Amino acid sequence: MKYKVSAPSNIALIKYMGKIDANLNKPTNTSFSMTLNHLLTFVEIEPNAHSEDRWELLKGENLYPMSLSDKGQLRFLKHFQFLKQHFKVENKFFTVRSANNFPSDCGLASSASSFAALTQCTYEMFSRDKKLDLRTLGELSRQGSGSSCRSLAGPWVLWGEKGIEQVKLPYGELLHMAVVVEDEKKLISSSEAHKRVSHSSLFVGRPERAEKRVQQLLQAMQTKNWREAYEISWAEFWDMHALFETCNPHFSYMNSASLSVLRSVEKVWEEKGDGPLCTMDAGPNIHLLFRPEQKQMLVEFNNQWKNQYKVFANGMA
Ligand code: DP6
């Protein structure tokens, strides 16, 4: 019996950065994200005749070959074994296959979508009669990779002290564009970044700032104050990147190409009095979110950057 599911990635506007419990991936602050339904990981689980669990690349139409390092495979299988234990699966071994519908070398984080898909697939396979609520499933998923719990719902998800919660907003699902200015593997993983930021002097007050921004951003979105939502999201990713630049040892993801794209976003806002929401993850790439009626603006950004960088967007058809 083989099970196969897919799960989307997500992009946070208020960031999960810093953990109060590193083993359980318990965050220091509430984060808030939009699920990215066009960036998917597929996971398939099938019993095998070996005496161990194994990982393989899933092959299929529209799936990209990806290489998962030995360390990456171990981390993935470790989460699978944690889930097996949770669902009381003993002395049975499986082959876990996974792949993304986007290239893995493109600088778009796939850990959220892959750990969410692994959790969902394992749950569907082993917990058929016992239905788990969203929060409980989220608690399981975050132990593999924190941000993955936000991929189990959508489009808007809050992840706080009590777990994940779907939020209804008047904007619904926005159009998403990622301008991939660099697709090299990150030298500092986000898990390492979580550890280091607590040694920044700017980390003092960071949880409070993030919590306040969550409330402000929700309020801006609920009242359809788009500019305010842009300003809050902008301040938030700079806050996170300032932590990276000021911890010990400090490090940087931002490069001159990131800055050029950021300046072009500011220019559009200046000239039109409107523009996309803008954020950056733990990497140099820029994520933009557009309201559906801003589709022409998305096309213009795509035309501006597509010859220089890889651009991934939905809503282009
Ligand atoms: C910068 O979820 O990748 O993308 O829990 O260690 O697996 P682990 O970290 P991860 O952290 C993501 C951090 C971020 C911000 C965010 O998505 O909220």
# chains A, B, ... in the order shown; residues from 1 in each chain; ligands from 1
>>> residues_near_ligand(ligand="ligand 1", cutoff="8 Å", atoms="only C-alpha atoms and all ligand atoms", output="NGL selection string")
:A and (10-17 or 22 or 25 or 31-33 or 109 or 111-112 or 142-148 or 189-192 or 194 or 240 or 280-283)
>>> select_by_dssp(residues="stretch 19-255 of chain A", states="strand (DSSP E or B)", output="JSON list (two decimals) with C-alpha atoms, in the first residue's frame")
[["chain", "number", "residue", "atom", "x", "y", "z"],
["A", 19, "LYS", "CA", 13.52, 29.32, 19.54],
["A", 20, "ILE", "CA", 12.70, 28.93, 23.20],
["A", 21, "ASP", "CA", 13.21, 25.18, 22.80],
["A", 26, "LYS", "CA", 9.24, 26.08, 19.87],
["A", 27, "PRO", "CA", 9.34, 29.66, 18.59],
["A", 31, "SER", "CA", 4.68, 34.24, 13.14],
["A", 32, "PHE", "CA", 2.26, 34.87, 10.31],
["A", 33, "SER", "CA", 2.39, 33.57, 6.76],
["A", 34, "MET", "CA", 0.68, 33.04, 3.45],
["A", 35, "THR", "CA", 0.65, 29.55, 1.99],
["A", 36, "LEU", "CA", 2.19, 29.30, -1.48],
["A", 37, "ASN", "CA", 0.02, 26.85, -3.36],
["A", 38, "HIS", "CA", 2.15, 26.94, -6.51],
["A", 39, "LEU", "CA", 5.34, 25.72, -4.76],
["A", 40, "LEU", "CA", 4.71, 22.11, -3.78],
["A", 41, "THR", "CA", 6.55, 19.12, -2.37],
["A", 42, "PHE", "CA", 5.22, 15.64, -3.16],
["A", 43, "VAL", "CA", 5.89, 12.78, -0.75],
["A", 44, "GLU", "CA", 5.18, 9.11, -1.35],
["A", 45, "ILE", "CA", 5.58, 6.40, 1.30],
["A", 46, "GLU", "CA", 5.72, 2.70, 0.49],
["A", 47, "PRO", "CA", 6.62, -0.34, 2.63],
["A", 54, "ARG", "CA", 15.19, 4.81, 3.13],
["A", 55, "TRP", "CA", 14.85, 8.03, 1.15],
["A", 56, "GLU", "CA", 14.65, 8.17, -2.65],
["A", 57, "LEU", "CA", 13.95, 10.83, -5.22],
["A", 64, "TYR", "CA", 12.30, 18.39, -10.53],
["A", 94, "PHE", "CA", 9.42, 2.17, 4.40],
["A", 95, "THR", "CA", 10.82, 3.98, 1.43],
["A", 96, "VAL", "CA", 10.02, 7.67, 1.57],
["A", 97, "ARG", "CA", 10.19, 9.39, -1.82],
["A", 98, "SER", "CA", 9.99, 13.14, -2.29],
["A", 99, "ALA", "CA", 10.39, 15.81, -4.94],
["A", 100, "ASN", "CA", 9.32, 19.40, -5.60],
["A", 156, "TRP", "CA", -3.29, 32.92, 6.02],
["A", 157, "VAL", "CA", -1.86, 31.16, 9.07],
["A", 158, "LEU", "CA", -0.80, 32.34, 12.52],
["A", 159, "TRP", "CA", 1.59, 30.17, 14.51],
["A", 160, "GLY", "CA", 1.73, 31.14, 18.15],
["A", 163, "GLY", "CA", -0.14, 26.28, 17.81],
["A", 164, "ILE", "CA", -1.42, 27.11, 14.33],
["A", 165, "GLU", "CA", -4.59, 28.90, 13.46],
["A", 166, "GLN", "CA", -6.13, 29.74, 10.11],
["A", 167, "VAL", "CA", -7.04, 33.43, 9.77],
["A", 175, "LEU", "CA", -0.34, 36.57, -6.13],
["A", 176, "HIS", "CA", 3.22, 35.64, -5.26],
["A", 177, "MET", "CA", 6.50, 36.32, -7.02],
["A", 178, "ALA", "CA", 9.99, 35.30, -5.92],
["A", 179, "VAL", "CA", 12.95, 37.05, -7.52],
["A", 180, "VAL", "CA", 15.80, 34.60, -7.08]]
>>> closest_residue(among="A:Tyr123, A:Phe312, A:Tyr230, A:Phe237", to="A:Glu266", atoms="only C-alpha atoms")
A:Tyr230
>>> select_by_dssp(residues="stretch 116-226 of chain A", states="alpha helix (DSSP H)", output="ChimeraX atom specification")
/A:116-126,134-142,190-197,206-222,226
>>> residues_around(residues="A:Ala235", least_positions_apart="4", cutoff="12 Å", atoms="only C-alpha atoms", output="list of chain:residue names")
A:Leu13, A:Ile14, A:Lys15, A:Arg209, A:Ala210, A:Arg213, A:Val214, A:Gln216, A:Leu217, A:Glu228, A:Ala229, A:Tyr230, A:Glu231, A:Asp239, A:Met240, A:His241, A:Ala242, A:Leu277, A:Cys278, A:Thr279, A:Met280
>>> closest_residue(among="A:Leu174, A:Leu118, A:Leu77, A:Val181", to="A:Leu288", atoms="only C-alpha atoms")
A:Leu174
>>> atom_distance(atom1="atom CA of A:Ala49", atom2="atom CA of A:Phe93")
7.2 Å
>>> atom_distance(atom1="atom CA of A:Leu137", atom2="atom CA of A:Lys162")
12.6 Å
>>> closest_residue(among="A:Leu243, A:Leu218, A:Leu169, A:Ala153", to="A:Arg196", atoms="only C-alpha atoms")
A:Leu243
>>> closest_residue(among="A:Asn248, A:Ser113, A:Asn91, A:Ser69", to="A:Val5", atoms="only C-alpha atoms")
A:Ser113
>>> residues_around(residues="A:Tyr253", least_positions_apart="2", cutoff="9 Å", atoms="only C-alpha atoms", output="PyMOL selection string")
chain A and resi 186+188+241+244-245+251+255+258+282-285
>>> closest_residue(among="A:Lys88, A:Trp226, A:Pro249, A:Ser264", to="A:Phe290", atoms="only C-alpha atoms")
A:Trp226
>>> decode(residues="stretch 224-238 of chain A", atoms="all heavy atoms", output="short mmCIF file (atom, residue, chain, number, x, y, z; two decimals), in the first residue's frame")
data_model
loop_
_atom_site.label_atom_id
_atom_site.label_comp_id
_atom_site.auth_asym_id
_atom_site.auth_seq_id
_atom_site.Cartn_x
_atom_site.Cartn_y
_atom_site.Cartn_z
N LYS A 224 -8.03 46.55 5.35
CA LYS A 224 -7.57 46.73 3.96
C LYS A 224 -6.67 47.96 3.81
O LYS A 224 -6.77 48.71 2.85
CB LYS A 224 -8.76 46.79 3.02
CG LYS A 224 -9.46 45.43 2.89
CD LYS A 224 -10.45 45.43 1.77
CE LYS A 224 -10.06 44.46 0.68
NZ LYS A 224 -10.97 44.41 -0.43
N ASN A 225 -5.80 48.16 4.81
CA ASN A 225 -4.82 49.24 4.71
C ASN A 225 -3.53 48.64 4.13
O ASN A 225 -2.62 48.23 4.85
CB ASN A 225 -4.58 49.84 6.11
CG ASN A 225 -3.75 51.11 6.04
OD1 ASN A 225 -3.05 51.35 5.05
ND2 ASN A 225 -3.83 51.92 7.09
N TRP A 226 -3.48 48.56 2.81
CA TRP A 226 -2.41 47.86 2.10
C TRP A 226 -1.05 48.49 2.34
O TRP A 226 -0.05 47.82 2.53
CB TRP A 226 -2.76 47.83 0.60
CG TRP A 226 -1.83 47.06 -0.27
CD1 TRP A 226 -0.91 47.57 -1.14
CD2 TRP A 226 -1.73 45.63 -0.39
NE1 TRP A 226 -0.25 46.56 -1.80
CE2 TRP A 226 -0.74 45.36 -1.35
CE3 TRP A 226 -2.39 44.56 0.22
CZ2 TRP A 226 -0.38 44.06 -1.72
CZ3 TRP A 226 -2.04 43.27 -0.14
CH2 TRP A 226 -1.04 43.03 -1.10
N ARG A 227 -1.02 49.85 2.31
CA ARG A 227 0.27 50.53 2.51
C ARG A 227 0.85 50.22 3.89
O ARG A 227 2.04 49.96 4.04
CB ARG A 227 0.15 52.04 2.32
CG ARG A 227 1.47 52.77 2.58
CD ARG A 227 1.37 54.25 2.42
NE ARG A 227 1.55 54.68 1.04
CZ ARG A 227 2.75 54.84 0.45
NH1 ARG A 227 3.85 54.62 1.14
NH2 ARG A 227 2.84 55.23 -0.79
N GLU A 228 -0.02 50.23 4.89
CA GLU A 228 0.42 49.94 6.25
C GLU A 228 0.95 48.49 6.31
O GLU A 228 1.98 48.23 6.95
CB GLU A 228 -0.79 50.13 7.19
CG GLU A 228 -0.51 49.93 8.66
CD GLU A 228 0.38 51.00 9.29
OE1 GLU A 228 0.72 51.99 8.62
OE2 GLU A 228 0.76 50.80 10.45
N ALA A 229 0.26 47.58 5.62
CA ALA A 229 0.71 46.18 5.60
C ALA A 229 2.10 46.09 4.96
O ALA A 229 2.97 45.33 5.41
CB ALA A 229 -0.30 45.32 4.84
N TYR A 230 2.31 46.87 3.91
CA TYR A 230 3.62 46.92 3.25
C TYR A 230 4.70 47.43 4.21
O TYR A 230 5.77 46.83 4.34
CB TYR A 230 3.51 47.82 2.00
CG TYR A 230 4.81 48.35 1.46
CD1 TYR A 230 5.77 47.51 0.88
CD2 TYR A 230 5.08 49.73 1.52
CE1 TYR A 230 6.96 48.03 0.38
CE2 TYR A 230 6.27 50.25 1.02
CZ TYR A 230 7.20 49.39 0.46
OH TYR A 230 8.38 49.89 -0.03
N GLU A 231 4.39 48.53 4.91
CA GLU A 231 5.38 49.14 5.82
C GLU A 231 5.75 48.17 6.95
O GLU A 231 6.91 48.04 7.33
CB GLU A 231 4.86 50.45 6.42
CG GLU A 231 4.59 51.57 5.42
CD GLU A 231 5.84 52.11 4.72
OE1 GLU A 231 6.97 51.73 5.12
OE2 GLU A 231 5.69 52.87 3.74
N ILE A 232 4.75 47.48 7.49
CA ILE A 232 5.00 46.57 8.61
C ILE A 232 5.84 45.37 8.14
O ILE A 232 6.83 44.97 8.78
CB ILE A 232 3.67 46.08 9.25
CG1 ILE A 232 2.91 47.27 9.85
CG2 ILE A 232 3.92 45.01 10.32
CD1 ILE A 232 1.45 46.99 10.14
N SER A 233 5.48 44.81 6.98
CA SER A 233 6.22 43.66 6.44
C SER A 233 7.67 44.05 6.13
O SER A 233 8.60 43.27 6.32
CB SER A 233 5.57 43.13 5.16
OG SER A 233 4.21 42.97 5.34
N TRP A 234 7.81 45.27 5.61
CA TRP A 234 9.14 45.79 5.25
C TRP A 234 10.01 45.90 6.51
O TRP A 234 11.15 45.41 6.57
CB TRP A 234 8.97 47.16 4.57
CG TRP A 234 10.22 47.82 4.10
CD1 TRP A 234 11.04 48.64 4.82
CD2 TRP A 234 10.80 47.71 2.79
NE1 TRP A 234 12.10 49.06 4.05
CE2 TRP A 234 11.97 48.51 2.80
CE3 TRP A 234 10.45 47.05 1.63
CZ2 TRP A 234 12.79 48.64 1.67
CZ3 TRP A 234 11.27 47.18 0.50
CH2 TRP A 234 12.43 47.96 0.53
N ALA A 235 9.46 46.55 7.55
CA ALA A 235 10.22 46.72 8.79
C ALA A 235 10.57 45.36 9.40
O ALA A 235 11.66 45.18 9.96
CB ALA A 235 9.39 47.55 9.78
N GLU A 236 9.67 44.41 9.26
CA GLU A 236 9.86 43.10 9.88
C GLU A 236 11.03 42.32 9.26
O GLU A 236 11.86 41.77 9.96
CB GLU A 236 8.55 42.29 9.79
CG GLU A 236 8.66 40.82 10.13
CD GLU A 236 9.05 40.53 11.59
OE1 GLU A 236 9.12 41.45 12.41
OE2 GLU A 236 9.32 39.34 11.86
N PHE A 237 11.13 42.31 7.93
CA PHE A 237 12.24 41.51 7.38
C PHE A 237 13.58 42.20 7.62
O PHE A 237 14.60 41.54 7.81
CB PHE A 237 12.00 41.10 5.91
CG PHE A 237 12.36 42.14 4.87
CD1 PHE A 237 13.68 42.42 4.53
CD2 PHE A 237 11.36 42.83 4.20
CE1 PHE A 237 14.00 43.35 3.56
CE2 PHE A 237 11.67 43.77 3.23
CZ PHE A 237 13.00 44.04 2.91
N TRP A 238 13.56 43.55 7.65
CA TRP A 238 14.81 44.26 7.97
C TRP A 238 15.21 43.99 9.42
O TRP A 238 16.40 43.88 9.74
CB TRP A 238 14.66 45.77 7.74
CG TRP A 238 14.90 46.14 6.30
CD1 TRP A 238 13.95 46.49 5.39
CD2 TRP A 238 16.17 46.19 5.61
NE1 TRP A 238 14.54 46.74 4.17
CE2 TRP A 238 15.90 46.57 4.28
CE3 TRP A 238 17.49 45.94 5.99
CZ2 TRP A 238 16.91 46.71 3.32
CZ3 TRP A 238 18.49 46.08 5.02
CH2 TRP A 238 18.19 46.46 3.71
#
